[in-house]
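Student: Following this line is structure34.cif, made up of mmCIF, C-alpha atoms:
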```cif
data_work
loop_
_atom_site.group_PDB
_atom_site.id
_atom_site.type_symbol
_atom_site.label_atom_id
_atom_site.label_comp_id
_atom_site.auth_asym_id
_atom_site.auth_seq_id
_atom_site.Cartn_x
_atom_site.Cartn_y
_atom_site.Cartn_z
ATOM 1 C CA MET P 952 0.000 0.000 0.000
ATOM 2 C CA SER P 953 1.305 3.483 -0.967
ATOM 3 C CA SER P 954 1.843 6.024 1.794
ATOM 4 C CA PHE P 955 -0.310 9.085 2.437
ATOM 5 C CA GLN P 956 1.299 12.257 1.095
ATOM 6 C CA SER P 957 -1.019 15.243 1.617
ATOM 7 C CA SER P 958 -1.228 17.882 4.342
ATOM 8 C CA ILE P 959 -3.853 15.769 6.124
ATOM 9 C CA ALA P 960 -1.644 12.657 6.065
ATOM 10 C CA PRO P 961 -0.717 13.010 9.783
ATOM 11 C CA LEU P 962 -4.421 13.122 10.683
ATOM 12 C CA ILE P 963 -5.189 10.074 8.553
ATOM 13 C CA GLN P 964 -2.279 8.156 10.066
ATOM 14 C CA SER P 965 -3.412 9.143 13.557
ATOM 15 C CA PHE P 966 -6.923 7.903 12.732
ATOM 16 C CA ILE P 967 -5.503 4.601 11.472
ATOM 17 C CA ARG P 968 -3.429 4.116 14.634
ATOM 18 C CA PHE P 969 -6.477 4.839 16.782
ATOM 19 C CA ARG P 970 -8.685 2.352 14.921
ATOM 20 C CA LYS P 971 -6.027 -0.334 15.004
ATOM 21 C CA ALA P 972 -5.389 0.178 18.713
ATOM 22 C CA SER P 973 -9.115 -0.089 19.446
ATOM 23 C CA ASP P 974 -9.350 -3.214 17.246
ATOM 24 C CA HIS P 975 -11.775 -1.479 14.879
ATOM 25 C CA TRP P 976 -9.759 -1.460 11.665
ATOM 26 C CA ASN P 977 -10.649 -3.046 8.335
ATOM 27 C CA GLU P 978 -7.442 -2.999 6.309
ATOM 28 C CA SER P 979 -8.995 -4.464 3.176
ATOM 29 C CA SER P 980 -11.595 -1.683 2.915
ATOM 30 C CA TYR P 981 -10.706 1.367 5.017
ATOM 31 C CA GLU P 982 -7.105 1.965 3.971
ATOM 32 C CA PRO P 983 -7.637 1.684 0.173
ATOM 33 C CA ASN P 984 -10.629 4.047 0.267
ATOM 34 C CA LEU P 985 -8.826 6.573 2.442
ATOM 35 C CA LEU P 986 -5.899 6.490 0.023
ATOM 36 C CA ILE P 987 -8.168 6.989 -2.998
ATOM 37 C CA PHE P 988 -9.913 9.868 -1.214
ATOM 38 C CA GLU P 989 -6.581 11.551 -0.514
ATOM 39 C CA ARG P 990 -5.501 11.131 -4.155
ATOM 40 C CA TYR P 991 -8.806 12.680 -5.237
ATOM 41 C CA CYS P 992 -8.193 15.693 -2.984
ATOM 42 C CA LEU P 993 -4.639 16.153 -4.255
ATOM 43 C CA LYS P 994 -5.808 16.071 -7.865
ATOM 44 C CA ASN P 995 -8.870 18.296 -7.542
ATOM 45 C CA TYR P 996 -7.715 20.645 -4.775
ATOM 46 C CA PRO P 997 -3.962 21.074 -5.397
ATOM 47 C CA GLY P 998 -2.109 22.743 -2.571
ATOM 48 C CA PHE P 999 -4.933 22.318 -0.061
ATOM 49 C CA THR P 1000 -3.902 22.661 3.577
ATOM 50 C CA GLU P 1001 -6.968 21.389 5.378
ATOM 51 C CA LEU P 1002 -10.044 19.280 4.852
ATOM 52 C CA THR P 1003 -13.085 21.177 3.564
ATOM 53 C CA GLN P 1004 -16.789 20.424 3.311
ATOM 54 C CA ASP P 1005 -16.601 20.709 -0.465
ATOM 55 C CA MET P 1006 -13.965 17.937 -0.683
ATOM 56 C CA VAL P 1007 -15.972 15.580 1.463
ATOM 57 C CA ASP P 1008 -19.341 16.304 -0.151
ATOM 58 C CA HIS P 1009 -18.080 15.853 -3.708
ATOM 59 C CA TRP P 1010 -16.212 12.633 -2.952
ATOM 60 C CA CYS P 1011 -19.033 11.074 -0.932
ATOM 61 C CA GLN P 1012 -21.821 11.984 -3.332
ATOM 62 C CA GLN P 1013 -23.432 8.836 -4.708
ATOM 63 C CA ARG P 1014 -22.454 8.242 -8.321
ATOM 64 C CA ASP P 1015 -24.994 7.607 -11.085
ATOM 65 C CA THR P 1016 -23.629 4.112 -11.683
ATOM 66 C CA GLU P 1017 -23.296 3.277 -7.977
ATOM 67 C CA LEU P 1018 -25.686 1.185 -5.914
ATOM 68 C CA ASN P 1019 -26.538 2.329 -2.392
ATOM 69 C CA GLU P 1020 -24.537 -0.475 -0.777
ATOM 70 C CA SER P 1021 -21.481 0.192 -2.956
ATOM 71 C CA CYS P 1022 -21.578 3.854 -1.985
ATOM 72 C CA ARG P 1023 -21.924 2.956 1.703
ATOM 73 C CA VAL P 1024 -18.810 0.779 1.518
ATOM 74 C CA ARG P 1025 -16.815 3.382 -0.410
ATOM 75 C CA ILE P 1026 -17.519 6.294 1.942
ATOM 76 C CA GLY P 1027 -17.625 4.344 5.215
ATOM 77 C CA SER P 1028 -13.982 4.999 6.032
ATOM 78 C CA ILE P 1029 -14.387 8.730 5.269
ATOM 79 C CA VAL P 1030 -17.378 8.953 7.589
ATOM 80 C CA GLY P 1031 -15.347 7.277 10.336
ATOM 81 C CA PHE P 1032 -12.446 9.645 9.726
ATOM 82 C CA ILE P 1033 -14.682 12.751 9.939
ATOM 83 C CA ARG P 1034 -16.243 11.501 13.184
ATOM 84 C CA TYR P 1035 -12.771 10.919 14.613
ATOM 85 C CA LEU P 1036 -11.751 14.504 13.785
ATOM 86 C CA GLN P 1037 -15.034 15.951 15.121
ATOM 87 C CA ASP P 1038 -14.678 14.152 18.457
ATOM 88 C CA ARG P 1039 -11.270 15.785 18.925
ATOM 89 C CA GLY P 1040 -12.225 19.254 17.730
ATOM 90 C CA LEU P 1041 -9.954 18.962 14.704
ATOM 91 C CA THR P 1042 -12.499 19.857 11.994
ATOM 92 C CA ASN P 1043 -15.733 21.736 11.404
ATOM 93 C CA VAL P 1044 -16.616 19.530 8.442
ATOM 94 C CA HIS P 1045 -19.933 17.696 8.781
ATOM 95 C CA GLU P 1046 -20.041 14.013 8.043
ATOM 96 C CA PRO P 1047 -21.705 13.102 4.723
ATOM 97 C CA VAL P 1048 -25.149 11.592 4.481
ATOM 98 C CA ILE P 1049 -24.908 7.829 4.131
ATOM 99 C CA PRO P 1050 -27.369 6.304 1.622
ATOM 100 C CA LYS P 1051 -30.089 4.216 3.197
ATOM 101 C CA LYS P 1052 -29.901 0.472 2.933
ATOM 102 C CA GLU P 1053 -31.992 -0.900 0.110
ATOM 103 C CA PRO P 1054 -34.111 -4.042 0.452
ATOM 104 C CA ARG P 1055 -32.214 -7.037 -0.898
ATOM 105 C CA THR P 1056 -33.746 -8.498 -4.029
ATOM 106 C CA TYR P 1057 -30.970 -10.831 -5.118
ATOM 107 C CA ILE P 1058 -31.750 -14.505 -4.547
ATOM 108 C CA PRO P 1059 -28.572 -16.470 -3.716
ATOM 109 C CA HIS P 1060 -27.737 -19.624 -5.614
ATOM 110 C CA ALA P 1061 -29.320 -22.729 -4.088
ATOM 111 C CA PHE P 1062 -26.514 -25.294 -4.015
ATOM 112 C CA THR P 1063 -27.454 -28.900 -4.678
ATOM 113 C CA ALA P 1064 -25.806 -31.752 -2.827
ATOM 114 C CA GLN P 1065 -24.114 -32.873 -6.034
ATOM 115 C CA GLU P 1066 -22.772 -29.395 -6.797
ATOM 116 C CA LEU P 1067 -21.212 -29.209 -3.351
ATOM 117 C CA THR P 1068 -19.761 -32.707 -3.595
ATOM 118 C CA ASP P 1069 -18.205 -31.916 -6.969
ATOM 119 C CA PHE P 1070 -16.923 -28.537 -5.750
ATOM 120 C CA PHE P 1071 -15.123 -29.951 -2.714
ATOM 121 C CA CYS P 1072 -13.699 -32.863 -4.715
ATOM 122 C CA GLU P 1073 -12.232 -30.289 -7.095
ATOM 123 C CA CYS P 1074 -10.817 -28.354 -4.121
ATOM 124 C CA ASP P 1075 -9.099 -31.519 -2.935
ATOM 125 C CA SER P 1076 -7.540 -32.183 -6.341
ATOM 126 C CA LEU P 1077 -5.591 -28.917 -6.687
ATOM 127 C CA GLY P 1078 -2.084 -29.439 -8.029
ATOM 128 C CA SER P 1079 1.114 -29.012 -6.037
ATOM 129 C CA HIS P 1080 3.535 -28.063 -8.830
ATOM 130 C CA PRO P 1081 5.682 -26.120 -8.960
ATOM 131 C CA ARG P 1082 6.436 -26.834 -5.313
ATOM 132 C CA ASN P 1083 6.801 -23.246 -4.188
ATOM 133 C CA GLU P 1084 5.259 -21.466 -1.224
ATOM 134 C CA PRO P 1085 2.190 -19.923 -2.960
ATOM 135 C CA VAL P 1086 1.216 -23.177 -4.696
ATOM 136 C CA LEU P 1087 1.623 -25.341 -1.614
ATOM 137 C CA THR P 1088 -0.183 -22.796 0.568
ATOM 138 C CA ARG P 1089 -3.097 -22.693 -1.882
ATOM 139 C CA LYS P 1090 -3.331 -26.482 -2.063
ATOM 140 C CA LEU P 1091 -3.524 -26.740 1.719
ATOM 141 C CA THR P 1092 -5.721 -23.730 2.337
ATOM 142 C CA VAL P 1093 -8.460 -23.840 -0.309
ATOM 143 C CA PRO P 1094 -10.117 -27.136 0.773
ATOM 144 C CA VAL P 1095 -10.161 -26.107 4.437
ATOM 145 C CA PHE P 1096 -11.132 -22.469 3.909
ATOM 146 C CA PHE P 1097 -14.221 -23.222 1.830
ATOM 147 C CA ARG P 1098 -15.265 -26.136 4.037
ATOM 148 C CA LEU P 1099 -15.157 -23.758 6.995
ATOM 149 C CA LEU P 1100 -17.523 -21.380 5.179
ATOM 150 C CA TYR P 1101 -19.822 -24.276 4.321
ATOM 151 C CA SER P 1102 -19.898 -25.906 7.766
ATOM 152 C CA SER P 1103 -20.128 -22.852 10.014
ATOM 153 C CA GLY P 1104 -21.846 -20.050 8.092
ATOM 154 C CA ILE P 1105 -18.868 -17.816 8.810
ATOM 155 C CA ARG P 1106 -18.493 -14.712 6.622
ATOM 156 C CA THR P 1107 -15.673 -14.740 4.068
ATOM 157 C CA THR P 1108 -14.108 -11.672 5.724
ATOM 158 C CA GLU P 1109 -14.257 -13.343 9.132
ATOM 159 C CA ALA P 1110 -12.455 -16.383 7.747
ATOM 160 C CA ARG P 1111 -9.796 -14.303 5.979
ATOM 161 C CA LEU P 1112 -9.025 -12.254 9.105
ATOM 162 C CA LEU P 1113 -9.211 -15.179 11.526
ATOM 163 C CA ARG P 1114 -6.077 -15.114 13.663
ATOM 164 C CA LYS P 1115 -4.338 -18.227 14.880
ATOM 165 C CA ILE P 1116 -4.680 -17.191 18.528
ATOM 166 C CA ASP P 1117 -8.459 -16.998 18.061
ATOM 167 C CA VAL P 1118 -8.752 -20.644 17.008
ATOM 168 C CA ASP P 1119 -9.013 -23.073 19.915
ATOM 169 C CA LEU P 1120 -7.970 -26.373 18.366
ATOM 170 C CA ALA P 1121 -8.383 -28.217 21.660
ATOM 171 C CA TYR P 1122 -12.097 -27.519 22.090
ATOM 172 C CA GLY P 1123 -13.086 -26.376 18.588
ATOM 173 C CA ASN P 1124 -14.057 -22.771 19.345
ATOM 174 C CA LEU P 1125 -13.543 -19.755 17.068
ATOM 175 C CA ASP P 1126 -13.388 -16.250 18.501
ATOM 176 C CA ILE P 1127 -14.663 -14.031 15.681
ATOM 177 C CA ARG P 1128 -13.231 -10.588 16.439
ATOM 178 C CA TYR P 1129 -13.381 -9.067 12.960
ATOM 179 C CA SER P 1130 -17.027 -9.158 11.989
ATOM 180 C CA LYS P 1131 -19.663 -7.046 10.265
ATOM 181 C CA GLY P 1132 -20.532 -4.117 12.500
ATOM 182 C CA ARG P 1133 -17.788 -5.099 14.955
ATOM 183 C CA ASN P 1134 -20.096 -7.714 16.493
ATOM 184 C CA GLN P 1135 -17.681 -10.140 18.158
ATOM 185 C CA HIS P 1136 -19.117 -13.632 18.551
ATOM 186 C CA TYR P 1137 -18.123 -17.249 18.955
ATOM 187 C CA ILE P 1138 -18.548 -20.350 16.822
ATOM 188 C CA VAL P 1139 -18.262 -23.989 17.827
ATOM 189 C CA LEU P 1140 -16.902 -26.217 15.077
ATOM 190 C CA HIS P 1141 -18.342 -29.559 14.063
ATOM 191 C CA ASP P 1142 -16.044 -32.403 15.160
ATOM 192 C CA SER P 1143 -15.167 -33.282 11.561
ATOM 193 C CA MET P 1144 -14.277 -29.657 10.797
ATOM 194 C CA LEU P 1145 -12.173 -29.437 13.951
ATOM 195 C CA GLU P 1146 -10.209 -32.525 12.945
ATOM 196 C CA LEU P 1147 -9.623 -31.072 9.476
ATOM 197 C CA MET P 1148 -8.389 -27.763 10.909
ATOM 198 C CA GLN P 1149 -6.073 -29.561 13.320
ATOM 199 C CA LYS P 1150 -4.440 -31.398 10.410
ATOM 200 C CA TYR P 1151 -4.270 -28.184 8.405
ATOM 201 C CA ASP P 1152 -2.626 -26.329 11.286
ATOM 202 C CA THR P 1153 0.140 -28.928 11.511
ATOM 203 C CA SER P 1154 0.819 -28.843 7.768
ATOM 204 C CA ILE P 1155 0.631 -25.089 7.182
ATOM 205 C CA GLU P 1156 2.903 -24.402 10.159
ATOM 206 C CA LYS P 1157 5.741 -26.066 8.274
ATOM 207 C CA ILE P 1158 5.392 -23.484 5.476
ATOM 208 C CA HIS P 1159 4.419 -20.479 7.611
ATOM 209 C CA PRO P 1160 5.951 -20.979 11.071
ATOM 210 C CA ASN P 1161 4.709 -18.685 13.852
ATOM 211 C CA ARG P 1162 2.058 -17.212 11.572
ATOM 212 C CA THR P 1163 -0.385 -14.514 12.713
ATOM 213 C CA TYR P 1164 -3.396 -15.537 10.635
ATOM 214 C CA PHE P 1165 -4.881 -19.002 10.610
ATOM 215 C CA PHE P 1166 -5.088 -18.891 6.791
ATOM 216 C CA PRO P 1167 -1.815 -17.079 6.006
ATOM 217 C CA ALA P 1168 -0.767 -15.202 2.901
ATOM 218 C CA ARG P 1169 2.654 -13.852 2.017
ATOM 219 C CA ASN P 1170 4.595 -11.694 4.479
ATOM 220 C CA ASP P 1171 2.567 -12.933 7.449
ATOM 221 C CA SER P 1172 -0.539 -11.211 6.103
ATOM 222 C CA PHE P 1173 -4.088 -12.385 5.384
ATOM 223 C CA HIS P 1174 -5.695 -13.281 2.074
ATOM 224 C CA LYS P 1175 -7.463 -10.461 0.253
ATOM 225 C CA ARG P 1176 -11.061 -10.528 -0.905
ATOM 226 C CA SER P 1177 -9.854 -11.073 -4.462
ATOM 227 C CA TRP P 1178 -8.125 -14.311 -3.360
ATOM 228 C CA VAL P 1179 -11.455 -15.733 -2.204
ATOM 229 C CA GLN P 1180 -13.275 -14.650 -5.342
ATOM 230 C CA LYS P 1181 -10.624 -15.954 -7.727
ATOM 231 C CA ASN P 1182 -10.221 -19.351 -6.082
ATOM 232 C CA PHE P 1183 -13.944 -19.940 -5.719
ATOM 233 C CA HIS P 1184 -14.720 -18.944 -9.294
ATOM 234 C CA ASP P 1185 -11.776 -20.829 -10.780
ATOM 235 C CA ILE P 1186 -13.102 -24.040 -9.242
ATOM 236 C CA TRP P 1187 -16.825 -23.373 -9.544
ATOM 237 C CA TYR P 1188 -16.782 -22.511 -13.249
ATOM 238 C CA ARG P 1189 -14.777 -25.601 -14.129
ATOM 239 C CA LEU P 1190 -17.873 -27.538 -13.144
ATOM 240 C CA ASN P 1191 -20.859 -25.211 -13.578
ATOM 241 C CA THR P 1192 -22.353 -22.552 -15.823
ATOM 242 C CA THR P 1193 -24.700 -21.054 -13.216
ATOM 243 C CA HIS P 1194 -23.540 -18.052 -11.184
ATOM 244 C CA ALA P 1195 -22.526 -18.503 -7.547
ATOM 245 C CA THR P 1196 -20.251 -16.821 -5.014
ATOM 246 C CA ALA P 1197 -18.334 -18.013 -1.976
ATOM 247 C CA TYR P 1198 -20.511 -15.847 0.281
ATOM 248 C CA GLU P 1199 -23.511 -17.922 -0.744
ATOM 249 C CA LEU P 1200 -22.120 -20.831 1.274
ATOM 250 C CA ARG P 1201 -23.217 -18.732 4.257
ATOM 251 C CA HIS P 1202 -26.724 -18.491 2.826
ATOM 252 C CA HIS P 1203 -26.711 -22.238 2.260
ATOM 253 C CA TYR P 1204 -25.764 -22.816 5.890
ATOM 254 C CA ALA P 1205 -28.692 -20.725 7.128
ATOM 255 C CA VAL P 1206 -31.223 -22.221 4.707
ATOM 256 C CA GLU P 1207 -30.236 -25.811 5.489
ATOM 257 C CA ASN P 1208 -30.607 -25.154 9.212
ATOM 258 C CA ILE P 1209 -33.985 -23.439 8.907
ATOM 259 C CA ASN P 1210 -35.324 -26.142 6.593
ATOM 260 C CA LYS P 1211 -34.720 -28.718 9.325
ATOM 261 C CA TRP P 1212 -36.926 -26.845 11.789
ATOM 262 C CA ILE P 1213 -40.192 -26.779 9.841
ATOM 263 C CA GLY P 1214 -43.052 -28.021 12.031
ATOM 264 C CA MET P 1215 -41.147 -27.573 15.295
ATOM 265 C CA GLY P 1216 -43.572 -25.040 16.836
ATOM 266 C CA PHE P 1217 -42.199 -22.790 19.564
ATOM 267 C CA ALA P 1218 -38.826 -24.527 19.404
ATOM 268 C CA PHE P 1219 -38.381 -22.852 16.014
ATOM 269 C CA ASP P 1220 -38.025 -19.426 17.664
ATOM 270 C CA ASP P 1221 -35.369 -20.689 20.067
ATOM 271 C CA LYS P 1222 -33.328 -22.244 17.301
ATOM 272 C CA LEU P 1223 -33.621 -19.105 15.184
ATOM 273 C CA LEU P 1224 -32.152 -17.099 18.050
ATOM 274 C CA TYR P 1225 -29.244 -19.546 18.376
ATOM 275 C CA LEU P 1226 -28.641 -19.363 14.627
ATOM 276 C CA SER P 1227 -28.735 -15.556 14.735
ATOM 277 C CA LYS P 1228 -26.092 -15.424 17.468
ATOM 278 C CA SER P 1229 -23.804 -17.984 15.844
ATOM 279 C CA MET P 1230 -23.951 -16.147 12.510
ATOM 280 C CA GLY P 1231 -23.016 -12.853 14.163
ATOM 281 C CA HIS P 1232 -26.265 -10.993 13.495
ATOM 282 C CA THR P 1233 -26.884 -8.014 15.780
ATOM 283 C CA THR P 1234 -30.656 -8.579 15.704
ATOM 284 C CA ILE P 1235 -32.874 -11.547 14.951
ATOM 285 C CA GLU P 1236 -34.525 -9.454 12.223
ATOM 286 C CA SER P 1237 -31.380 -9.893 10.114
ATOM 287 C CA THR P 1238 -31.699 -13.665 10.383
ATOM 288 C CA LYS P 1239 -35.387 -13.565 9.420
ATOM 289 C CA TYR P 1240 -34.280 -12.465 5.950
ATOM 290 C CA TYR P 1241 -33.628 -16.122 5.224
ATOM 291 C CA TYR P 1242 -37.362 -16.848 5.467
ATOM 292 C CA SER P 1243 -37.731 -15.320 2.027
ATOM 293 C CA ILE P 1244 -35.327 -17.798 0.436
ATOM 294 C CA VAL P 1245 -36.307 -20.973 2.323
ATOM 295 C CA PRO P 1246 -38.648 -23.392 0.530
ATOM 296 C CA ALA P 1247 -41.973 -23.999 2.326
ATOM 297 C CA LEU P 1248 -41.789 -20.878 4.515
#
```
In structure tokens, how does this file's structure come out?
Tutor:
Amino acid sequence: MSSFQSSIAPLIQSFIRFRKASDHWNESSYEPNLLIFERYCLKNYPGFTELTQDMVDHWCQQRDTELNESCRVRIGSIVGFIRYLQDRGLTNVHEPVIPKKEPRTYIPHAFTAQELTDFFCECDSLGSHPRNEPVLTRKLTVPVFFRLLYSSGIRTTEARLLRKIDVDLAYGNLDIRYSKGRNQHYIVLHDSMLELMQKYDTSIEKIHPNRTYFFPARNDSFHKRSWVQKNFHDIWYRLNTTHATAYELRHHYAVENINKWIGMGFAFDDKLLYLSKSMGHTTIESTKYYYSIVPAL
């Protein structure tokens, strides 16, 4: 990542240090968008010495080709930065208006048992040549990473940022610190998934000793979002023509659980609450979204 270069660089760097120290930093989203915002300011307001309302308003304005959710992601780091400065009396700039969330209309792909069987068989058959670090890491990681998504409903970001110290391989517990909305929660692994992760841990440690992240990338870092997308699509489209994403394994997890509860009466509500907590939802209303994509409900 390039360094910040403008007159507000010290403020941005101070904001980054604060967020990292408070464990509220999303490196894959916040830093790139802050850097792009700074480059925009340098280009359009050459020689500027302080942040102005005009800079913020123009950058954060929703673009004609931009969906509400895309705009929310793009400007989220800027909103956080402005709030940080306001709290410390370092700016008079008002935070931009964040677009409202739109109702979700996209229906996730409904995986069949055969599609999943074929997908995981293909994961297991990845080659190991040439025998260099990236190839061997990918061969070990891909089968375990996607099985974790499938078996636990964990978000792809949560899996990418999962640190080794947050994986209890003795009891099979995951401490999910980096989650949507900073909602820390815990997951208990299925016994078969725990055994697989124990074997993975032993093997990957030989390539990445004393690693920080459970699924390590180069330079003791974590895998980027593009790594997940590329590996999932490379394997999926070898076998299928229909569209699907890795995130939809989370949807599959929720749907399969809810489908098992039909006809359970009041026990349904209890199980929905457990599912909501394990999936890291802040409210049960978020989990109820899955009603709309579950057959027979």
Student: Expand the PyMOL selection byres ((chain P and resi 1060) around 10) into the explicit residue set it covers here, and present it as a PyMOL selection string.
Tutor: chain P and resi 1057-1059+1061-1063+1193-1196+1199-1200+1202-1203+1244
Student: Please measure the separation of CA of Arg1169 (chain P) and CA of Arg1114 (chain P), giving the value in Å to one decimal.
Tutor: 14.6 Å
Student: Any chance you could work out the residue set of the PyMOL selection byres ((chain P and resi 966-977) around 12) here, as a ChimeraX atom specification?
Tutor: /P:955,959-965,978-986,1024,1027-1039,1041,1108-1109,1111-1112,1128-1135,1173,1175-1176
Student: If I take CA of Met1148 (chain P) and CA of Phe1097 (chain P), how far is one from the other in Å, to one decimal?
Tutor: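 CA of Phe1097 (chain P) lies 11.7 Å from CA of Met1148 (chain P).
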Student: Within 12 Å of Val1179 (chain P), counting all atoms listed in the file, which residues show up once you throw out same-chain ones fewer than 6 positions away? Write them as a PDB file with C-alpha atoms, keeping the file's coordinate frame, please.
Tutor:
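Saved the output as selection.pdb:
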```pdb
ATOM      1  CA  ARG P1089      -3.097 -22.693  -1.882  1.00  0.00           C
ATOM      2  CA  THR P1092      -5.721 -23.730   2.337  1.00  0.00           C
ATOM      3  CA  VAL P1093      -8.460 -23.840  -0.309  1.00  0.00           C
ATOM      4  CA  PRO P1094     -10.117 -27.136   0.773  1.00  0.00           C
ATOM      5  CA  PHE P1096     -11.132 -22.469   3.909  1.00  0.00           C
ATOM      6  CA  PHE P1097     -14.221 -23.222   1.830  1.00  0.00           C
ATOM      7  CA  LEU P1100     -17.523 -21.380   5.179  1.00  0.00           C
ATOM      8  CA  ARG P1106     -18.493 -14.712   6.622  1.00  0.00           C
ATOM      9  CA  THR P1107     -15.673 -14.740   4.068  1.00  0.00           C
ATOM     10  CA  THR P1108     -14.108 -11.672   5.724  1.00  0.00           C
ATOM     11  CA  GLU P1109     -14.257 -13.343   9.132  1.00  0.00           C
ATOM     12  CA  ALA P1110     -12.455 -16.383   7.747  1.00  0.00           C
ATOM     13  CA  ARG P1111      -9.796 -14.303   5.979  1.00  0.00           C
ATOM     14  CA  PHE P1166      -5.088 -18.891   6.791  1.00  0.00           C
ATOM     15  CA  ALA P1168      -0.767 -15.202   2.901  1.00  0.00           C
ATOM     16  CA  PHE P1173      -4.088 -12.385   5.384  1.00  0.00           C
ATOM     17  CA  ASP P1185     -11.776 -20.829 -10.780  1.00  0.00           C
ATOM     18  CA  ILE P1186     -13.102 -24.040  -9.242  1.00  0.00           C
ATOM     19  CA  TRP P1187     -16.825 -23.373  -9.544  1.00  0.00           C
ATOM     20  CA  THR P1196     -20.251 -16.821  -5.014  1.00  0.00           C
ATOM     21  CA  ALA P1197     -18.334 -18.013  -1.976  1.00  0.00           C
ATOM     22  CA  TYR P1198     -20.511 -15.847   0.281  1.00  0.00           C
TER      23      TYR P1198
END
```
Student: Quick one, how far is CA of Asn1170 (chain P) from CA of Val1095 (chain P)?
Tutor: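 These atoms are spaced 20.6 Å apart.
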Student: Quick one: residues within 9 Å of region 1152-1158 of chain P, all atoms listed in the file, excluding same-chain residues fewer than 6 positions away - as a PDB file with C-alpha atoms, in the coordinates of the input?
Tutor:
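What ended up in result_26.pdb:
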```
ATOM      1  CA  GLU P1084       5.259 -21.466  -1.224  1.00  0.00           C
ATOM      2  CA  LEU P1087       1.623 -25.341  -1.614  1.00  0.00           C
ATOM      3  CA  THR P1088      -0.183 -22.796   0.568  1.00  0.00           C
ATOM      4  CA  LEU P1091      -3.524 -26.740   1.719  1.00  0.00           C
ATOM      5  CA  THR P1092      -5.721 -23.730   2.337  1.00  0.00           C
ATOM      6  CA  LEU P1120      -7.970 -26.373  18.366  1.00  0.00           C
ATOM      7  CA  PHE P1165      -4.881 -19.002  10.610  1.00  0.00           C
ATOM      8  CA  PHE P1166      -5.088 -18.891   6.791  1.00  0.00           C
ATOM      9  CA  PRO P1167      -1.815 -17.079   6.006  1.00  0.00           C
TER      10      PRO P1167
END
```
Student: Which residue is closest to Ser1172 (chain P)? Choose from P:Ser1102, P:Asp1142, P:His1159, P:Glu989 and count all atoms listed in the file.
Tutor: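 Result for the nearest residue to Ser1172 (chain P): P:His1159.
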Student: Determine the residue set returned by the PyMOL selection byres ((chain P and resi 1230) around 12) for the present structure, and present it as a VMD selection string.
Tutor: chain P and resid 1100 1102 to 1107 1109 1125 1127 1130 to 1131 1134 to 1139 1201 to 1202 1204 to 1205 1208 1223 to 1229 1231 to 1235 1237 to 1238
Student: Using all atoms listed in the file, which of P:Tyr1151, P:Ile1049, P:Ser958, P:Leu1113 sits nearest Pro997 (chain P)?
Tutor: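 Checking each candidate against Pro997 (chain P), we get P:Ser958 as the closest.
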Student: May I have the residues within 10 Å of Lys1051 (chain P) as a PyMOL selection string, using all atoms listed in the file and disregarding those fewer than 6 positions away in the same chain?
Tutor: chain P and resi 1019-1020+1022-1023
Student: Please save C-alpha atoms of the selected residues as a PDB file, in the frame of the given file.
Tutor:
```pdb
ATOM      1  CA  ASN P1019     -26.538   2.329  -2.392  1.00  0.00           C
ATOM      2  CA  GLU P1020     -24.537  -0.475  -0.777  1.00  0.00           C
ATOM      3  CA  CYS P1022     -21.578   3.854  -1.985  1.00  0.00           C
ATOM      4  CA  ARG P1023     -21.924   2.956   1.703  1.00  0.00           C
TER       5      ARG P1023
END
```
Student: With all atoms listed in the file as the atoms that count, which of P:Tyr1241, P:Gly1078, P:Asn1191, P:Lys1222 lies nearest to Gln1065 (chain P)?
Tutor: P:Asn1191
